[in-house]
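Peer 1: First, the structure itself, so that you have it in front of you.
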Amino acid sequence: MNRRIWTALVTALLTVLGLASPAAHGRPAPPAGPTAEQVLTWTAGDDITRYASAPATAVAGKATIVFENSEATGNTTAMPHTLTFDVSDPEYNNDVPLNILASPLDAAGGRHTAEVTLTPGRYRYHCTIPGHGLMEGILTVTDGGPGEDTTAPETSATVSGDRDANGAYLGTATVTVTASDSGSGVGTIEYAVGEGEFRPYTAPVAVHETGAHTVRYRATDRAGNTSAVKSVEFTVAAPPTGDTTAPETSATVEGERNSDGAYVGRAKVTVTATDGGSGVERTEYSLDGGPYLAYTGPVTVDRVGRHTVAHRATDRAGNTSEAKRVAFTVAEGGGVPAPQCPEWDERRTVVVGTVDTGVPNRVTGNRCTVNELIEDEKDWASHALFLKHVRKVTDGLLDDGVIDGREHRAVNRAARQSGIGRPGQGQGYRDLFDGTEKSFGRWRHVGGGAFELNDDGTLTSSTTVPGMGMLWFPERRYDDFSLKLRFRDDAPGAGRANSGVFVRFPDVHDHPEEPRPEWVAITYGHEVQILDRPDGDQYKTGSVYGFDRVGLGGAGVTEKGTWNEYEIRVVGQHYSVFRNGVLINEFDNVAGQEFSPPRAGDPGTDGRRYASGHIGLQTHGTADVVSFRDIRIKEL
């Protein structure tokens with residue numbers, strides 16, 4: 001496409017969206033020289049992830065904004081960029097609604113100016129053209145008065161402790177940081193051990209590990225001036241002793257247990273450590289692969305699922321024992337209330353939006369997982385607010401020792417990449433069934449069998465009403481979507497549940513040719529199977545029934561008696577099926593496919609399997625017991 005046509009189309013689109021602004025908001029100013037007291041310049045080039053240059057600070061008052069996106073600033077592709085001041089986020093100043101669109105091919109050659117008046121505070125700016133998600137930054141404006149503080153605090157640090165002849169600290173080195181500021185006063189002091197993240201300094205830092213160490217420190221005053229980073233280096237040596245034997249540790253698990261050996265409601269893990277030499281200095285434990293934390297008393301685990309507790313100890317001579325582990329399962333029951341978590345998310349790793357961080361999705365101190373605290377399924381008003389929320393959550397987890405510095409950076413980086421809260425990212429998940437009678441009343445049942453609402457907010461297929469039928473949601477049809485729900489195989493004895501999730505079927509009452517309305521979903525929609533019985537039907541969990549077979553050898557057997565998360569993602573005619581965050585099947589619904597084995601009257605995929613439709617849950621019989629909960633959907 002001609003580059004000028006491209007620029008014109010983008011300009012027209014941004015004008016319709018209100019992003020290409022009138023003269024007051026970014027058209028070229030008259031050629032006369034600027035009348036403002038200061039000139040602030042942004043430039044853009046070929047990079048679509050960041051501006052080529054941008055100011056970080058300014059003084060309150062009149063200012064000339066210059067935005068240039070031209071060959072002179074590095075743009076060789078004619079890609080247009082915008083400079084937009086965000087006025088939608090209450091965290092930042094919202095009194096300058098600036099929107100400038102610049103392209104090397106426009107009438108001004110890509111260089112534009114605008115006159116604005118800045119007030120003290122912070123302005124958030126970003127590019128509004130799709131695909132420029134990381135072109136953003138903060139402009140800090142000070143009042144510029146005669147008494148303005150522009151001098152950073154003074155900082156110093158001292159290291160104390162007993163030392164050997166080589167100057168190494170024996171057993172422990174204590175670092176004390178001080179800061180002073182004669183202007184606005186010290187606001188915060190921060191420190192970091194080695195290459196780790198900076199943390200708030202509230203008390204002297206004790207370093208016990210033997211070896212060479214570096215502690216970095218800095219301070220920021222109330223006017224926002226941050227001092228240069230300084231550091232102290234020192235070595236910690238083990239105290240003189242003949243003890244070379246590490247402590248011995250052991251762990252016991254206590255609680256009421258069911259017939260399967262799982263602990264009902266909660267399990268209490270007690271760790272003990274003994275050392276016949278210099279004595280135990282500290283005992284540590286790690287829950288489900290998390291960082292080691294100081295053990296101060298029995299650890300109570302009341303989150304349903306499989307858990308592992310690792311434990312170790314270090315004596316006063318610096319000998320650390322090899323980690324030992326104890327594994328156990330916690331089952332529902334015992335009167336323990338469910339944790340009050342913002343969402344339910346027990347995937348193995350922390351996933352922000354669609355970005356998998358690889359960080360283990362650990363259970364935190366309030367019994368919620370990291371994923372649940374991130375709240376990436378909430379409807380965020382802006383990307384900046386979401387990033388601020390994630391930073392607050394991860395800072396707390398870092399301080400609590402749930403994640404380390406590398407994991408802290410990975411989660412925040414994923415939050416930035418996710419784009420959550422930006423225009424065009426879509427809405428969050430909406431509840432179709434949240435466990436209440438009101439939400440259950442929005443569903444309708446057709447055919448045989450039944451679903452019953454339980455006191456704990458779950459649905460279970462009936463063990464007394466025979467026949468095959470379907471519970472369906474008649475209020476809405478859905479086009480492209482991500483459907484999430486939790487299911488549990490509750491078949492009695494050695495049996496297995498037989499059920500499924502129906503998607504994209506028409507209103508069951510619009511097809512009078514079908515003598516049984518529940519068969520409308522089977523004939524004109526698709527069923528995503530739930531069945532892991534080793535014999536019988538070859539379509540196992542994750543299969544698109546009749547069209548795309550998944551066997552037990554491919555996806556593995558779903559654990560019985562435990563809650564599993566299903567995500568069915570349908571975009572266009574592409575189906576993706578996830579179980580507990582793991583992709584177990586993909587299917588493309590192309591014309592010409594026929595039901596296998598052949599079934600009389602089935603239209604195959606000739607277009608009668610709809611591009612949009614309703615959601616339903618199958619009940620198969622009184623012995624094929626299945627339970628559902630937390631059914632929610634997001635339109636894509």
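Residues in the structure tokens are numbered from 1 in each chain, the chains being A, B, ... in the order shown, and ligands are numbered from 1 in the order shown.
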Give me, as a ChimeraX atom specification, all polymer residues having an atom no more than 10 Å from A:Phe578, counting only C-alpha atoms and skipping those fewer than 2 positions away in the same chain.
Peer 2: /A:484,542,565-569,576,580-586
Peer 1: Pick out the closest residue to A:Asp356 from this set: A:Arg413, A:His126, A:His614, A:Arg533. Count only C-alpha atoms.
Peer 2: A:Arg413
Peer 1: Could you find all residues in stretch 520-591 of chain A that DSSP calls alpha helix (DSSP H) from the backbone, and write them as a ChimeraX atom specification?
Peer 2: /A:520-524,552-555
Peer 1: Since we have the selection now, will you write its residues out, keeping N, CA and C atoms, as a PDB file, in the first residue's frame?
Peer 2:
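Listed below is the output, result_18.pdb:
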ATOM      1  N   VAL A 520     -30.531 -31.107  19.887  1.00  0.00           N
ATOM      2  CA  VAL A 520     -30.179 -29.957  19.060  1.00  0.00           C
ATOM      3  C   VAL A 520     -28.719 -29.572  19.300  1.00  0.00           C
ATOM      4  N   ALA A 521     -28.289 -29.617  20.574  1.00  0.00           N
ATOM      5  CA  ALA A 521     -26.897 -29.275  20.891  1.00  0.00           C
ATOM      6  C   ALA A 521     -25.935 -30.284  20.281  1.00  0.00           C
ATOM      7  N   ILE A 522     -26.320 -31.564  20.262  1.00  0.00           N
ATOM      8  CA  ILE A 522     -25.450 -32.600  19.722  1.00  0.00           C
ATOM      9  C   ILE A 522     -25.373 -32.507  18.202  1.00  0.00           C
ATOM     10  N   THR A 523     -26.520 -32.231  17.569  1.00  0.00           N
ATOM     11  CA  THR A 523     -26.588 -32.231  16.109  1.00  0.00           C
ATOM     12  C   THR A 523     -26.014 -30.973  15.489  1.00  0.00           C
ATOM     13  N   TYR A 524     -26.241 -29.822  16.149  1.00  0.00           N
ATOM     14  CA  TYR A 524     -25.868 -28.560  15.509  1.00  0.00           C
ATOM     15  C   TYR A 524     -24.768 -27.794  16.253  1.00  0.00           C
ATOM     16  N   LEU A 552      -6.609 -41.380  26.216  1.00  0.00           N
ATOM     17  CA  LEU A 552      -5.971 -41.243  27.529  1.00  0.00           C
ATOM     18  C   LEU A 552      -4.465 -41.140  27.396  1.00  0.00           C
ATOM     19  N   GLY A 553      -3.891 -41.774  26.386  1.00  0.00           N
ATOM     20  CA  GLY A 553      -2.455 -41.724  26.214  1.00  0.00           C
ATOM     21  C   GLY A 553      -1.952 -40.359  25.791  1.00  0.00           C
ATOM     22  N   GLY A 554      -2.835 -39.573  25.155  1.00  0.00           N
ATOM     23  CA  GLY A 554      -2.406 -38.268  24.680  1.00  0.00           C
ATOM     24  C   GLY A 554      -2.477 -37.200  25.747  1.00  0.00           C
ATOM     25  N   ALA A 555      -3.635 -37.074  26.377  1.00  0.00           N
ATOM     26  CA  ALA A 555      -3.833 -35.996  27.343  1.00  0.00           C
ATOM     27  C   ALA A 555      -3.626 -36.434  28.779  1.00  0.00           C
TER      28      ALA A 555
END
Peer 1: Among the residues of stretch 32-90 of chain A, find those DSSP assigns to strand (DSSP E or B) from the backbone and print them as a list in words.
Peer 2: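 Going through stretch 32-90 of chain A, the strand (DSSP E or B) residues come out as Val39, Leu40, Thr41, Trp42, Thr43, Ala44, Ser53, Thr57, Ala58, Val59, Gly61, Lys62, Ala63, Thr64, Ile65, Val66, Phe67, Glu68, Asn69, His81, Thr82, Leu83, Thr84 and Phe85 of chain A.
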Peer 1: For the atom pair atom CA of A:Gly211 and atom CA of A:Ala237, what is the interatomic distance in Å to one decimal place?
Peer 2: 6.4 Å
Peer 1: Can you tell me, as a PyMOL selection string, what residues are no more than 10 Å from A:Gly109 when counting only C-alpha atoms, ignoring any on the same chain fewer than 3 positions away?
Peer 2: chain A and resi 68-72+102-106+112
